[in-house]
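As provided, entry-v1.cif (mmCIF, C-alpha atoms) reads as follows.
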```cif
data_work
#
loop_
_atom_site.label_atom_id
_atom_site.label_comp_id
_atom_site.auth_asym_id
_atom_site.auth_seq_id
_atom_site.Cartn_x
_atom_site.Cartn_y
_atom_site.Cartn_z
CA MET A 460 58.30 17.69 40.49
CA HIS A 461 61.08 20.22 41.14
CA ILE A 462 60.28 23.25 39.00
CA PRO A 463 63.38 24.61 37.24
CA ASP A 464 63.97 28.27 36.46
CA GLY A 465 61.99 29.45 33.45
CA PHE A 466 58.86 27.27 33.47
CA ILE A 467 56.92 29.91 35.40
CA ASP A 468 57.43 33.64 34.84
CA GLY A 469 59.20 35.91 37.29
CA THR A 470 56.15 37.70 38.62
CA THR A 471 54.31 34.49 39.45
CA SER A 472 57.47 32.97 40.95
CA ALA A 473 57.98 36.03 43.13
CA GLY A 474 54.36 35.94 44.24
CA ALA A 475 54.71 32.28 45.14
CA ALA A 476 57.89 33.10 47.06
CA VAL A 477 55.99 35.62 49.17
CA VAL A 478 53.23 33.11 49.90
CA ALA A 479 55.77 30.38 50.64
CA ALA A 480 57.73 32.67 52.98
CA GLY A 481 54.55 33.47 54.86
CA GLY A 482 53.60 29.81 55.15
CA LEU A 483 57.09 28.78 56.16
CA GLY A 484 57.26 31.56 58.74
CA ALA A 485 53.98 30.43 60.27
CA SER A 486 55.23 26.82 60.23
CA LEU A 487 58.44 27.84 62.01
CA ARG A 488 56.47 29.68 64.71
CA ARG A 489 54.20 26.70 65.17
CA ALA A 490 57.18 24.34 65.19
CA GLY A 491 58.74 26.36 67.98
CA GLU A 492 55.60 25.90 70.04
CA VAL A 493 54.91 22.21 69.50
CA LEU A 494 58.35 20.66 69.08
CA ASP A 495 59.89 19.25 72.21
CA GLU A 496 63.57 20.18 72.19
CA ARG A 497 64.60 16.60 72.81
CA ARG A 498 62.67 15.58 69.70
CA VAL A 499 64.70 17.88 67.46
CA PRO A 500 66.91 14.96 66.34
CA LEU A 501 63.75 13.16 65.21
CA ALA A 502 62.81 16.10 62.99
CA GLY A 503 66.37 16.21 61.64
CA LEU A 504 66.12 12.50 60.86
CA VAL A 505 62.81 12.99 59.05
CA ALA A 506 64.38 15.71 56.88
CA ALA A 507 67.46 13.60 56.17
CA PHE A 508 65.33 10.59 55.34
CA VAL A 509 63.14 12.59 52.96
CA PHE A 510 66.27 13.88 51.24
CA ALA A 511 67.55 10.32 50.77
CA VAL A 512 64.25 8.93 49.50
CA GLN A 513 63.77 11.86 47.10
CA MET A 514 66.88 10.59 45.31
CA LEU A 515 65.22 7.25 44.63
CA ASN A 516 63.34 7.79 41.38
CA PHE A 517 61.17 4.80 40.56
CA PRO A 518 59.78 4.07 37.08
CA VAL A 519 56.05 4.76 36.74
CA ALA A 520 55.28 4.60 33.04
CA SER A 521 57.15 4.43 29.77
CA GLY A 522 59.99 6.90 29.97
CA THR A 523 58.78 8.48 33.20
CA SER A 524 59.92 8.28 36.79
CA GLY A 525 58.73 9.66 40.08
CA HIS A 526 60.10 10.03 43.54
CA LEU A 527 58.66 10.50 46.98
CA LEU A 528 57.79 14.10 47.86
CA GLY A 529 57.63 13.21 51.53
CA GLY A 530 55.49 16.06 52.81
CA ALA A 531 52.66 13.83 53.96
CA LEU A 532 55.13 11.34 55.44
CA ALA A 533 56.87 14.08 57.40
CA ALA A 534 53.54 15.52 58.57
CA VAL A 535 52.36 12.16 59.92
CA LEU A 536 55.67 11.54 61.68
CA VAL A 537 56.36 14.96 63.23
CA GLY A 538 53.24 17.04 62.59
CA PRO A 539 52.41 19.28 59.62
CA ALA A 540 54.24 22.41 60.80
CA VAL A 541 57.51 20.68 61.65
CA GLY A 542 57.08 18.46 58.60
CA ALA A 543 56.72 21.45 56.30
CA VAL A 544 59.92 22.92 57.75
CA CYS A 545 61.74 19.61 57.23
CA VAL A 546 60.78 19.33 53.56
CA SER A 547 61.55 23.03 52.99
CA VAL A 548 65.07 22.42 54.28
CA VAL A 549 65.37 19.48 51.87
CA LEU A 550 64.29 21.69 48.96
CA ALA A 551 66.70 24.47 49.93
CA VAL A 552 69.62 22.02 50.20
CA GLN A 553 68.70 20.51 46.83
CA ALA A 554 68.51 23.90 45.10
CA LEU A 555 71.63 25.40 46.68
CA LEU A 556 73.98 22.42 46.74
CA PHE A 557 72.76 20.14 43.98
CA ALA A 558 71.30 22.62 41.46
CA ASP A 559 68.00 20.70 41.66
CA GLY A 560 64.99 23.02 41.48
CA GLY A 561 65.46 26.55 40.21
CA LEU A 562 66.54 29.33 42.56
CA SER A 563 63.81 31.62 41.24
CA ALA A 564 61.38 28.70 41.61
CA LEU A 565 62.28 27.91 45.22
CA GLY A 566 59.13 29.61 46.48
CA LEU A 567 57.01 27.64 44.02
CA ASN A 568 58.68 24.42 45.05
CA VAL A 569 58.35 25.09 48.79
CA LEU A 570 54.69 25.91 48.23
CA ASN A 571 53.95 22.84 46.08
CA MET A 572 56.18 20.21 47.64
CA ALA A 573 56.50 21.22 51.30
CA LEU A 574 53.56 23.34 52.46
CA LEU A 575 50.75 21.89 50.35
CA THR A 576 51.86 18.28 50.77
CA ALA A 577 52.42 18.60 54.53
CA PHE A 578 49.28 20.55 55.43
CA GLY A 579 47.08 19.21 52.62
CA GLY A 580 48.31 15.68 53.17
CA TYR A 581 47.80 15.94 56.91
CA ALA A 582 44.24 17.20 56.45
CA VAL A 583 43.48 14.14 54.32
CA PHE A 584 45.20 11.95 56.92
CA VAL A 585 43.04 13.30 59.73
CA VAL A 586 39.83 12.77 57.77
CA VAL A 587 40.70 9.22 56.71
CA ARG A 588 41.91 8.27 60.17
CA HIS A 589 38.67 9.36 61.74
CA LEU A 590 36.73 7.21 59.30
CA LEU A 591 38.68 4.13 60.37
CA PRO A 592 38.94 2.22 63.67
CA ARG A 593 41.43 3.57 66.19
CA THR A 594 44.22 1.14 65.48
CA SER A 595 47.80 1.46 64.36
CA SER A 596 46.83 -0.15 61.05
CA SER A 597 44.46 2.72 60.43
CA VAL A 598 47.32 5.18 60.92
CA VAL A 599 49.30 3.33 58.26
CA VAL A 600 46.40 3.19 55.79
CA ALA A 601 45.47 6.84 56.34
CA SER A 602 49.12 7.82 55.81
CA GLY A 603 49.23 6.02 52.49
CA VAL A 604 46.00 7.56 51.23
CA ALA A 605 47.07 11.02 52.38
CA ALA A 606 50.44 10.67 50.66
CA ALA A 607 48.85 9.59 47.39
CA VAL A 608 46.42 12.50 47.43
CA SER A 609 49.18 14.95 48.38
CA VAL A 610 51.05 14.24 45.14
CA VAL A 611 47.95 15.05 43.09
CA ILE A 612 47.43 18.24 45.12
CA SER A 613 51.00 19.20 44.31
CA ALA A 614 50.49 18.49 40.60
CA MET A 615 47.32 20.58 40.60
CA ALA A 616 49.20 23.43 42.27
CA PHE A 617 51.79 23.37 39.50
CA THR A 618 48.99 23.43 36.95
CA ALA A 619 47.47 26.49 38.62
CA GLU A 620 50.85 28.22 38.58
CA TYR A 621 51.28 27.31 34.92
CA ALA A 622 47.86 28.78 34.22
CA ILE A 623 48.85 32.03 35.92
CA GLY A 624 52.41 32.43 34.72
CA GLY A 625 53.52 29.52 32.59
CA THR A 626 55.95 30.50 29.83
CA GLY A 627 55.06 27.51 27.63
CA THR A 628 52.48 27.59 24.88
CA ALA A 629 50.67 24.35 25.71
CA ALA A 630 47.03 24.79 26.71
CA VAL A 631 46.35 24.74 30.44
CA SER A 632 43.78 21.97 30.05
CA THR A 633 46.35 19.81 28.26
CA VAL A 634 48.94 20.38 30.97
CA ALA A 635 46.35 19.77 33.69
CA GLY A 636 45.32 16.41 32.29
CA ALA A 637 48.89 15.25 31.79
CA MET A 638 50.08 16.46 35.20
CA VAL A 639 47.22 14.92 37.16
CA GLY A 640 47.37 11.68 35.16
CA VAL A 641 51.05 10.95 35.65
CA HIS A 642 51.01 12.12 39.27
CA MET A 643 48.16 9.79 40.11
CA LEU A 644 50.56 6.99 39.14
CA ILE A 645 53.41 8.55 41.11
CA GLY A 646 50.96 9.05 43.99
CA ILE A 647 50.42 5.29 44.19
CA GLY A 648 54.17 4.88 44.73
CA GLU A 649 54.17 7.70 47.25
CA GLY A 650 51.29 6.07 49.12
CA VAL A 651 52.91 2.65 49.24
CA ILE A 652 56.30 3.96 50.36
CA THR A 653 54.73 6.26 52.95
CA GLY A 654 52.60 3.43 54.32
CA LEU A 655 55.65 1.15 54.58
CA VAL A 656 57.74 3.77 56.39
CA VAL A 657 54.97 4.80 58.78
CA GLY A 658 54.26 1.11 59.39
CA ALA A 659 57.90 0.49 60.26
CA VAL A 660 58.01 3.40 62.69
CA VAL A 661 54.66 2.47 64.24
CA ALA A 662 55.96 -1.07 64.75
CA THR A 663 59.15 0.19 66.37
CA ARG A 664 58.33 3.39 68.22
CA PRO A 665 54.62 4.24 67.90
CA ASP A 666 55.05 6.88 70.60
CA LEU A 667 57.21 8.90 68.19
CA VAL A 668 54.54 9.12 65.50
CA TRP A 669 52.65 12.42 65.68
CA GLY A 670 49.69 11.02 63.77
CA ALA A 671 49.38 8.07 66.19
CA ARG A 672 49.15 10.17 69.32
CA GLY A 673 45.63 9.04 70.12
CA LEU A 674 46.62 5.39 70.30
CA ALA A 675 47.58 3.51 73.41
CA PHE A 676 51.06 2.10 73.38
CA ARG A 677 53.36 0.21 75.67
CA SER A 678 56.08 2.24 77.34
CA PRO A 679 59.52 0.87 76.53
CA ALA A 680 60.88 1.82 79.92
CA THR A 681 58.34 0.27 82.20
CA GLY A 682 56.45 -2.10 79.99
CA SER A 683 53.27 -0.56 81.30
CA VAL A 684 50.63 0.60 78.94
CA ALA A 685 50.59 4.34 78.59
CA GLU A 686 47.59 5.97 77.08
CA ARG A 687 47.30 9.32 75.48
CA VAL A 688 44.13 10.99 74.39
CA ALA A 689 44.09 12.51 70.97
CA ALA A 690 44.29 16.26 71.04
CA MET B 341 40.50 2.23 75.01
CA ARG B 342 42.42 -0.17 72.88
CA ALA B 343 45.87 -1.14 74.06
CA VAL B 344 48.52 -1.99 71.50
CA SER B 345 50.21 -5.11 72.74
CA ARG B 346 53.14 -4.85 70.39
CA PRO B 347 56.30 -4.34 72.43
CA VAL B 348 58.53 -1.37 71.77
CA ARG B 349 62.07 -2.40 71.10
CA LEU B 350 64.35 0.56 70.41
CA GLY B 351 65.63 3.36 72.59
CA PHE B 352 65.36 6.91 71.27
CA GLY B 353 69.06 7.27 70.51
CA ALA B 354 69.17 3.90 68.82
CA PHE B 355 66.11 4.80 66.78
CA ILE B 356 67.71 8.03 65.53
CA ALA B 357 71.03 6.31 64.82
CA GLY B 358 69.30 3.44 63.03
CA GLY B 359 67.19 5.82 60.98
CA LEU B 360 70.24 7.80 59.93
CA ILE B 361 72.05 4.64 58.92
CA VAL B 362 69.07 3.63 56.78
CA ALA B 363 68.95 7.10 55.16
CA LEU B 364 72.70 7.10 54.48
CA ALA B 365 72.56 3.57 53.08
CA LEU B 366 69.68 4.46 50.75
CA ALA B 367 71.55 7.54 49.57
CA PHE B 368 74.87 5.77 49.07
CA PHE B 369 73.92 2.29 47.88
CA VAL B 370 70.46 2.64 46.32
CA SER B 371 70.35 6.13 44.79
CA PRO B 372 72.94 5.27 42.08
CA SER B 373 70.43 2.67 40.82
CA ALA B 374 67.49 5.08 40.75
CA SER B 375 65.62 5.58 37.49
CA GLY B 376 67.25 8.18 35.26
CA GLU B 377 64.08 8.82 33.29
CA PRO B 378 62.55 12.31 33.49
CA ASP B 379 60.20 12.76 36.43
CA GLY B 380 56.49 13.45 36.02
CA LEU B 381 56.82 17.20 35.60
CA ASN B 382 59.76 17.00 33.21
CA LYS B 383 58.01 14.34 31.14
CA VAL B 384 54.92 16.51 30.85
CA ALA B 385 57.15 19.46 29.90
CA ILE B 386 58.79 17.39 27.15
CA ASP B 387 55.52 15.92 25.85
CA LYS B 388 53.65 19.24 25.91
CA GLY B 389 56.49 21.23 24.41
CA PHE B 390 57.55 23.55 27.20
CA ALA B 391 60.72 21.79 28.35
CA ASP B 392 62.77 24.29 26.36
CA THR B 393 61.53 27.15 28.53
CA GLU B 394 63.87 25.87 31.27
CA ASN B 395 66.80 28.14 31.99
CA ASP B 396 70.20 26.97 33.14
CA HIS B 397 70.56 26.69 36.90
CA ALA B 398 72.73 29.47 38.34
CA LEU B 399 74.60 26.90 40.43
CA ASP B 400 75.26 24.36 37.68
CA ASP B 401 78.97 24.79 38.40
CA ALA B 402 78.63 23.90 42.08
CA PRO B 403 80.94 21.04 43.13
CA THR B 404 77.95 18.78 43.80
CA ALA B 405 75.58 20.03 41.07
CA GLY B 406 73.36 17.35 39.62
CA TYR B 407 74.10 14.98 42.53
CA GLU B 408 77.58 14.33 41.17
CA VAL B 409 80.70 15.16 43.11
CA ARG B 410 83.26 16.90 40.97
CA GLY B 411 86.49 14.95 40.81
CA VAL B 412 84.87 11.58 41.48
CA ASP B 413 84.90 9.87 38.10
CA ASP B 414 82.97 6.74 38.95
CA ASP B 415 79.31 7.62 38.33
CA ARG B 416 77.85 5.38 41.00
CA LEU B 417 80.35 6.49 43.62
CA SER B 418 79.87 10.13 42.66
CA THR B 419 76.10 9.94 43.10
CA GLY B 420 76.42 7.92 46.29
CA VAL B 421 78.85 10.37 47.87
CA ALA B 422 76.62 13.30 46.86
CA GLY B 423 73.74 11.52 48.57
CA VAL B 424 75.71 11.03 51.77
CA VAL B 425 76.73 14.70 51.74
CA GLY B 426 73.10 15.74 51.21
CA VAL B 427 71.71 13.51 53.96
CA THR B 428 74.30 14.74 56.43
CA ILE B 429 73.84 18.42 55.63
CA THR B 430 70.05 18.13 55.61
CA PHE B 431 70.09 16.50 59.05
CA ALA B 432 72.34 19.24 60.42
CA VAL B 433 70.46 22.16 58.86
CA ALA B 434 66.98 20.90 59.76
CA GLY B 435 68.07 20.06 63.29
CA GLY B 436 69.84 23.40 63.66
CA VAL B 437 66.96 25.48 62.34
CA LEU B 438 64.42 23.70 64.52
CA LEU B 439 66.60 23.88 67.61
CA LEU B 440 66.95 27.61 67.00
CA VAL B 441 63.20 28.24 66.60
CA ARG B 442 62.51 26.03 69.59
CA ARG B 443 64.91 28.02 71.76
CA THR B 444 63.84 31.44 70.53
CA ARG B 445 60.13 30.90 70.04
CA GLY B 446 59.30 27.94 72.23
CA ALA B 447 56.37 28.74 74.48
CA THR B 448 55.21 25.45 75.92
CA PRO B 449 57.12 23.67 78.64
CA THR B 450 59.25 20.73 77.60
CA GLN B 451 57.35 17.49 77.82
CA GLY B 452 58.77 14.19 78.85
CA LEU B 453 60.32 12.20 76.07
CA PRO B 454 59.71 8.48 76.07
CA HIS B 455 63.00 6.77 76.69
#
```
Please re-express this file's structure in structure tokens.
Amino acid sequence: MHIPDGFIDGTTSAGAAVVAAGGLGASLRRAGEVLDERRVPLAGLVAAFVFAVQMLNFPVASGTSGHLLGGALAAVLVGPAVGAVCVSVVLAVQALLFADGGLSALGLNVLNMALLTAFGGYAVFVVVRHLLPRTSSSVVVASGVAAAVSVVISAMAFTAEYAIGGTGTAAVSTVAGAMVGVHMLIGIGEGVITGLVVGAVVATRPDLVWGARGLAFRSPATGSVAERVAA
Amino acid sequence: MRAVSRPVRLGFGAFIAGGLIVALALAFFVSPSASGEPDGLNKVAIDKGFADTENDHALDDAPTAGYEVRGVDDDRLSTGVAGVVGVTITFAVAGGVLLLVRRTRGATPTQGLPH
């Protein structure tokens, strides 16, 4: 899903960079307000984990692979603002160190793969979670659904950018159908992986999962049941 | 209110350390086996005839460009080492950036961290 230089024209890329900078700036301000300093290592871990899992391309169809975007996963684990910052760092490291994702397209990529997946994915997560019983299983299921949808959102965002400033000659409707189709398949993988990871964290340290804050959990220190009310 | 009876097993430090070990292991041991097929966007670009609009990346000569470490001839090792470098740097940069914004912009009082 990393857009290289050239797919989208300079004007559109620059416009996306402005929007992405605004969104990232707002996310950083929000992160500064909500992130407990002692939880900073958790956010660093989420970013590092997303980097690692983005390297793991899995086959989805003949001659096609996909990898986790991780925005929805990060949002469920550390909240959408901190999550968006985490994935943005991943994208910057990939573009600057590994020549993955064009430099002129960094704004597009931050917009599509960090901001839209984290905030869009989290919005879906919140809706799905409220439709389900208040259990840890519901957090896992809602995470998976949100992750799957977030990939399609990201694919639709690319299609919109292609419609505005794509340098190719293929019709927008053709690109739209192909992008959404293949990313629905990739989204299934994203949903399964996200559900597995959130499930593992919920089973180990449910108190560290932002999206599980409304659940009661047992304190590791005292063994007593601590309860938090969802914000 | 529903209580989750599942016991919590790991301390915070152990959780972070364990998570990092998992991330490093995935990057080093698993990423060399990842699918090399084009991803969804690149496949669409090839099929719909706009793959050739891609320009060369300005940093294609970087020592770790393309997730390969220059000078490491073994492909699997090269990718694995690049992954370890990426995981480590990403952890440091994300942690550093967030610590900075927390210290400069933080408004709410620090809340207790579960042990």
- Using the chain letters and residue numbers of this document, give as an NGL selection string the residues selected by the PyMOL selection byres ((chain A and resi 574) around 12). :A and (475-476 or 478-487 or 528-531 or 533-534 or 538-548 or 550 or 566-573 or 575-582 or 609-610 or 612-613 or 616)
- Item | d(atom CA of Ile361 of chain B, atom CA of Val427 of chain B) in Å |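 Interatomic distance, atom CA of Ile361 of chain B to atom CA of Val427 of chain B: 10.2 Å.
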- For Ile623 of chain A, work out the shell of residues within 12 Å, counting only C-alpha atoms and skipping chain neighbours fewer than 2 positions away, then give it as a list in words. Phe466, Ile467, Asp468, Gly469, Thr470, Thr471, Ser472, Gly474, Ala475, Ala616, Phe617, Thr618, Ala619, Glu620, Tyr621, Gly625, Thr626, Gly627, Ala630 and Val631 of chain A
Generate the output file for the selected residues, C-alpha atoms, as a PDB file, in the coordinates of the input.
```pdb
ATOM      1  CA  PHE A 466      58.860  27.270  33.470  1.00  0.00           C
ATOM      2  CA  ILE A 467      56.920  29.910  35.400  1.00  0.00           C
ATOM      3  CA  ASP A 468      57.430  33.640  34.840  1.00  0.00           C
ATOM      4  CA  GLY A 469      59.200  35.910  37.290  1.00  0.00           C
ATOM      5  CA  THR A 470      56.150  37.700  38.620  1.00  0.00           C
ATOM      6  CA  THR A 471      54.310  34.490  39.450  1.00  0.00           C
ATOM      7  CA  SER A 472      57.470  32.970  40.950  1.00  0.00           C
ATOM      8  CA  GLY A 474      54.360  35.940  44.240  1.00  0.00           C
ATOM      9  CA  ALA A 475      54.710  32.280  45.140  1.00  0.00           C
ATOM     10  CA  ALA A 616      49.200  23.430  42.270  1.00  0.00           C
ATOM     11  CA  PHE A 617      51.790  23.370  39.500  1.00  0.00           C
ATOM     12  CA  THR A 618      48.990  23.430  36.950  1.00  0.00           C
ATOM     13  CA  ALA A 619      47.470  26.490  38.620  1.00  0.00           C
ATOM     14  CA  GLU A 620      50.850  28.220  38.580  1.00  0.00           C
ATOM     15  CA  TYR A 621      51.280  27.310  34.920  1.00  0.00           C
ATOM     16  CA  GLY A 625      53.520  29.520  32.590  1.00  0.00           C
ATOM     17  CA  THR A 626      55.950  30.500  29.830  1.00  0.00           C
ATOM     18  CA  GLY A 627      55.060  27.510  27.630  1.00  0.00           C
ATOM     19  CA  ALA A 630      47.030  24.790  26.710  1.00  0.00           C
ATOM     20  CA  VAL A 631      46.350  24.740  30.440  1.00  0.00           C
TER      21      VAL A 631
END
```
- Message: On this structure, the PyMOL selection byres ((chain A and resi 642) around 12) would catch which residues? List them as number ranges by chain, sorted by chain and number.
- Response: A: 460, 519-520, 523-528, 606-618, 634-641, 643-650; B: 379-384
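Atom CA of Ile462 of chain A lies 10.8 Å from atom CA of Ala391 of chain B.
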- Message: Neighbouring residues of segment 497-502 of chain A were defined as those with any atom within 8 Å, considering only C-alpha atoms; residues of the same chain fewer than 2 positions away were excluded. Please report them as a VMD selection string.
- Response: (chain A and resid 494 to 495 504 to 506 537 541 to 542 545) or (chain B and resid 356 434 to 435 438 to 439 453)
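Between chain A and the candidates B:Arg410, B:Ala354, B:Leu360, B:Gly420, the tightest atom-to-atom separation, counting only C-alpha atoms, involves B:Leu360.
Minimum distance to chain A across B:Ala374, B:Val412, B:Ala357, B:Val362 (counting all atoms listed in the file) occurs at B:Ala374.
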- Message: From the options B:Val433, B:Ala398, B:Leu350, B:Leu364, which residue's atoms come nearest to Asp559 of chain A, counting only C-alpha atoms?
- Response: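 Of B:Val433, B:Ala398, B:Leu350, B:Leu364, the one nearest Asp559 of chain A, counting only C-alpha atoms, is B:Ala398.
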- Message: With all atoms listed in the file as the counted atoms, please give the residues lying no more than 12 Å from Val424 of chain B, apart from itself and same-chain residues fewer than 4 positions off, as number ranges by chain.
- Response: A: 507-508, 510-512, 514; B: 360-372, 404, 407-409, 417-420, 428-431
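Here the question is which of B:Asp414, B:Asn395, B:Ala422, B:Gly436 gets nearest to chain A using all atoms listed in the file, and that residue is B:Asn395.
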- Residues in the PyMOL selection byres ((chain A and resi 557) around 10), expressed as a PyMOL selection string: (chain A and resi 550-556+558-560) or (chain B and resi 397+399-409+422-423+426)
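Of the residues listed (B:Gly358, B:Gly411, B:Pro378, B:Gly353), B:Pro378 shows the shortest atom-to-atom separation from chain A; distances use all atoms listed in the file.
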- Counting all atoms listed in the file, write as a PyMOL selection string all protein and nucleic acid residues lying at most 10 Å from (55.8, 9.9, 67.8) in the file's frame. (chain A and resi 498+501+535-538+660-661+664-672) or (chain B and resi 453-454)
- Separation of atom CA of Phe352 of chain B and atom CA of Leu440 of chain B, in Å?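 Separating atom CA of Phe352 of chain B from atom CA of Leu440 of chain B is a distance of 21.2 Å.
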